[in-house]
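Dumped coords_29.cif below, it's mmCIF, C-alpha atoms:
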```cif
data_target
#
loop_
_atom_site.label_atom_id
_atom_site.label_comp_id
_atom_site.auth_asym_id
_atom_site.auth_seq_id
_atom_site.Cartn_x
_atom_site.Cartn_y
_atom_site.Cartn_z
CA MET A 1 117.48 -16.66 100.27
CA LEU A 2 114.58 -14.33 100.94
CA ILE A 3 114.98 -10.83 99.61
CA THR A 4 116.08 -8.22 102.07
CA ILE A 5 113.57 -5.47 102.59
CA ASP A 6 115.84 -2.50 103.13
CA GLU A 7 116.32 1.12 102.15
CA THR A 8 117.97 0.13 98.87
CA LEU A 9 114.91 -1.81 97.74
CA ALA A 10 112.59 0.93 99.04
CA LYS A 11 114.54 3.50 97.01
CA GLN A 12 114.22 1.29 93.91
CA VAL A 13 110.45 1.24 94.35
CA CYS A 14 110.37 5.02 94.90
CA ASP A 15 112.37 5.46 91.69
CA GLU A 16 109.97 3.22 89.76
CA LEU A 17 106.98 5.12 91.13
CA HIS A 18 108.64 8.52 90.61
CA ILE A 19 108.01 9.56 94.21
CA ASP A 20 110.30 11.55 96.47
CA GLU A 21 112.62 9.54 98.67
CA THR A 22 111.72 11.32 101.89
CA ASP A 23 112.05 9.52 105.21
CA GLU A 24 108.27 9.22 105.39
CA GLU A 25 107.94 7.78 101.89
CA LEU A 26 110.81 5.33 102.47
CA ALA A 27 109.19 4.18 105.72
CA THR A 28 105.84 3.73 103.97
CA VAL A 29 107.33 1.84 101.03
CA THR A 30 109.42 -0.36 103.35
CA ALA A 31 106.30 -1.28 105.34
CA LEU A 32 104.38 -1.99 102.13
CA LEU A 33 107.24 -4.15 100.82
CA THR A 34 107.18 -6.17 104.04
CA GLY A 35 103.44 -6.69 103.74
CA ALA A 36 103.69 -7.55 100.05
CA GLN A 37 106.40 -10.11 100.78
CA ALA A 38 104.20 -11.75 103.41
CA ILE A 39 101.29 -11.94 100.95
CA ILE A 40 103.45 -13.38 98.17
CA ASP A 41 105.10 -15.88 100.54
CA ASP A 42 101.68 -17.07 101.69
CA SER A 43 100.53 -17.36 98.07
CA ILE A 44 103.28 -19.61 96.76
CA GLU A 45 104.46 -23.10 97.64
CA LEU A 46 107.65 -22.11 99.49
CA ALA A 47 107.69 -25.36 101.45
CA ILE A 48 107.79 -27.41 98.26
CA TYR A 49 110.57 -25.41 96.59
CA PRO A 50 112.21 -22.81 98.88
CA ASP A 51 114.77 -21.87 96.21
CA ILE A 52 111.99 -20.05 94.32
CA VAL A 53 113.04 -16.93 96.24
CA ASP A 54 116.14 -16.78 94.03
CA ASN A 55 113.97 -16.37 90.93
CA PRO A 56 113.85 -12.71 89.79
CA LEU A 57 110.11 -13.09 89.26
CA TYR A 58 109.70 -13.57 93.03
CA THR A 59 111.22 -10.15 93.72
CA ARG A 60 109.24 -8.54 90.90
CA ALA A 61 105.98 -9.95 92.30
CA ILE A 62 106.75 -8.41 95.69
CA ILE A 63 107.64 -5.04 94.15
CA THR A 64 104.58 -5.03 91.88
CA LEU A 65 102.24 -5.83 94.76
CA CYS A 66 103.93 -3.13 96.86
CA GLN A 67 103.33 -0.61 94.10
CA ALA A 68 99.66 -1.58 93.93
CA LEU A 69 99.36 -1.24 97.70
CA TYR A 70 100.98 2.19 97.56
CA TYR A 71 98.11 3.56 95.49
CA ASP A 72 95.31 1.38 96.87
CA ARG A 73 96.09 0.30 100.44
CA ASN A 74 93.08 -1.99 100.74
CA LEU A 75 93.27 -3.39 97.18
CA ALA A 76 89.63 -2.49 96.63
CA THR A 77 89.64 -4.15 93.21
CA GLY A 78 91.76 -7.12 94.30
CA GLN A 79 95.32 -8.00 93.46
CA PRO A 80 96.59 -6.73 90.12
CA LYS A 81 96.29 -9.26 87.31
CA ALA A 82 100.05 -9.10 86.80
CA VAL A 83 100.64 -10.21 90.41
CA ILE A 84 98.15 -13.06 90.03
CA LEU A 85 99.92 -14.15 86.85
CA MET A 86 103.34 -13.99 88.53
CA VAL A 87 102.13 -15.95 91.56
CA ASP A 88 100.62 -18.61 89.28
CA HIS A 89 103.89 -18.87 87.38
CA LEU A 90 105.93 -19.05 90.59
CA ASN A 91 103.62 -21.80 91.88
CA ALA A 92 104.02 -23.74 88.64
CA ILE A 93 107.79 -23.58 89.07
CA CYS A 94 107.52 -24.66 92.72
CA LEU A 95 105.33 -27.62 91.85
CA ALA A 96 107.50 -28.69 88.91
CA LYS A 97 110.77 -28.41 90.84
CA GLY A 98 109.30 -29.89 94.01
CA ALA A 99 107.98 -32.91 92.12
CA GLY A 100 111.30 -33.53 90.43
#
```
The structure in this file should be written as structure tokens.
Amino acid sequence: MLITIDETLAKQVCDELHIDETDEELATVTALLTGAQAIIDDSIELAIYPDIVDNPLYTRAIITLCQALYYDRNLATGQPKAVILMVDHLNAICLAKGAG
């Protein structure tokens, strides 16, 4: 099942970034999480292996991209290398599981 973008996840991201959990920050982080999830979903082969969303790496990729977007809203230098690596790994899993 797709992860739920909610206040709990937004608070987790705020904790990881060491930012205050004000209403404004939680709203910003929630919006960034939603955008990050859309980017990750469009970057992996969900149609081939929809169960990939249960992999903890899927959630971590969304959170990591959200954190990058928090500090650089337009990703001026592109996606972080860690996100690219995670997406590649998730795609490899999708292709292996989908082919099997």
Residues of range 8-43 of chain A at most 12 Å from range 62-65 of chain A: nearest atom pair and distance in Å, all atoms listed in the file, as JSON lines:
```
{"residue": "A:Leu9", "atom": "CA", "partner": "A:Ile63", "partner_atom": "CA", "distance": 8.7}
{"residue": "A:Ala10", "atom": "CA", "partner": "A:Ile63", "partner_atom": "CA", "distance": 9.2}
{"residue": "A:Lys11", "atom": "CA", "partner": "A:Ile63", "partner_atom": "CA", "distance": 11.3}
{"residue": "A:Gln12", "atom": "CA", "partner": "A:Ile63", "partner_atom": "CA", "distance": 9.1}
{"residue": "A:Val13", "atom": "CA", "partner": "A:Ile63", "partner_atom": "CA", "distance": 6.9}
{"residue": "A:Cys14", "atom": "CA", "partner": "A:Ile63", "partner_atom": "CA", "distance": 10.5}
{"residue": "A:Asp15", "atom": "CA", "partner": "A:Ile63", "partner_atom": "CA", "distance": 11.8}
{"residue": "A:Glu16", "atom": "CA", "partner": "A:Ile63", "partner_atom": "CA", "distance": 9.6}
{"residue": "A:Leu17", "atom": "CA", "partner": "A:Thr64", "partner_atom": "CA", "distance": 10.5}
{"residue": "A:Val29", "atom": "CA", "partner": "A:Ile63", "partner_atom": "CA", "distance": 9.7}
{"residue": "A:Thr30", "atom": "CA", "partner": "A:Ile63", "partner_atom": "CA", "distance": 10.5}
{"residue": "A:Ala31", "atom": "CA", "partner": "A:Ile63", "partner_atom": "CA", "distance": 11.9}
{"residue": "A:Leu32", "atom": "CA", "partner": "A:Leu65", "partner_atom": "CA", "distance": 8.6}
{"residue": "A:Leu33", "atom": "CA", "partner": "A:Ile62", "partner_atom": "CA", "distance": 6.7}
{"residue": "A:Thr34", "atom": "CA", "partner": "A:Ile62", "partner_atom": "CA", "distance": 8.7}
{"residue": "A:Gly35", "atom": "CA", "partner": "A:Ile62", "partner_atom": "CA", "distance": 8.9}
{"residue": "A:Ala36", "atom": "CA", "partner": "A:Ile62", "partner_atom": "CA", "distance": 5.4}
{"residue": "A:Gln37", "atom": "CA", "partner": "A:Ile62", "partner_atom": "CA", "distance": 5.4}
{"residue": "A:Ala38", "atom": "CA", "partner": "A:Ile62", "partner_atom": "CA", "distance": 8.8}
{"residue": "A:Ile39", "atom": "CA", "partner": "A:Ile62", "partner_atom": "CA", "distance": 8.4}
{"residue": "A:Ile40", "atom": "CA", "partner": "A:Ile62", "partner_atom": "CA", "distance": 6.5}
{"residue": "A:Asp41", "atom": "CA", "partner": "A:Ile62", "partner_atom": "CA", "distance": 9.1}
{"residue": "A:Asp42", "atom": "CA", "partner": "A:Ile62", "partner_atom": "CA", "distance": 11.7}
{"residue": "A:Ser43", "atom": "CA", "partner": "A:Ile62", "partner_atom": "CA", "distance": 11.2}
```
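Here CA of Gln67 in chain A and CA of Ile48 in chain A stand 27.5 Å from one another.
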* Asked: Exactly which residues make up the result of the PyMOL selection byres ((chain A and resi 52-57) around 10) on this file, given as a ChimeraX atom specification?
  -> /A:1-3,41,44-51,58-63,83,86-87,89-91,93-94,97
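The space separating CA of Asp6 in chain A from CA of Ala27 in chain A comes to 9.8 Å.
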* Asked: Any idea what's packed within 10 Å of Gly78 in chain A, counting only C-alpha atoms, ignoring anything in its chain fewer than 5 positions away? Could you give it as JSON, numbers by chain?
  -> {"A": [68, 72, 84]}
Residue subset to file, keeping C-alpha atoms, as a PDB file, keeping the file's coordinate frame:
```
ATOM      1  CA  ALA A  68      99.660  -1.580  93.930  1.00  0.00           C
ATOM      2  CA  ASP A  72      95.310   1.380  96.870  1.00  0.00           C
ATOM      3  CA  ILE A  84      98.150 -13.060  90.030  1.00  0.00           C
TER       4      ILE A  84
END
```
* Structure fact -> Judged by all atoms listed in the file, the minimum distance to Thr22 in chain A among A:Gly98, A:Glu7, A:Pro80, A:Tyr70 is found for A:Glu7
Per-axis box centre and lengths in Å around range 32-35 of chain A, 4 Å margin per side, axis-aligned, as AutoDock Vina command-line options:
```
--center_x 105.3 --center_y -4.3 --center_z 102.4 --size_x 11.8 --size_y 12.7 --size_z 11.2
```
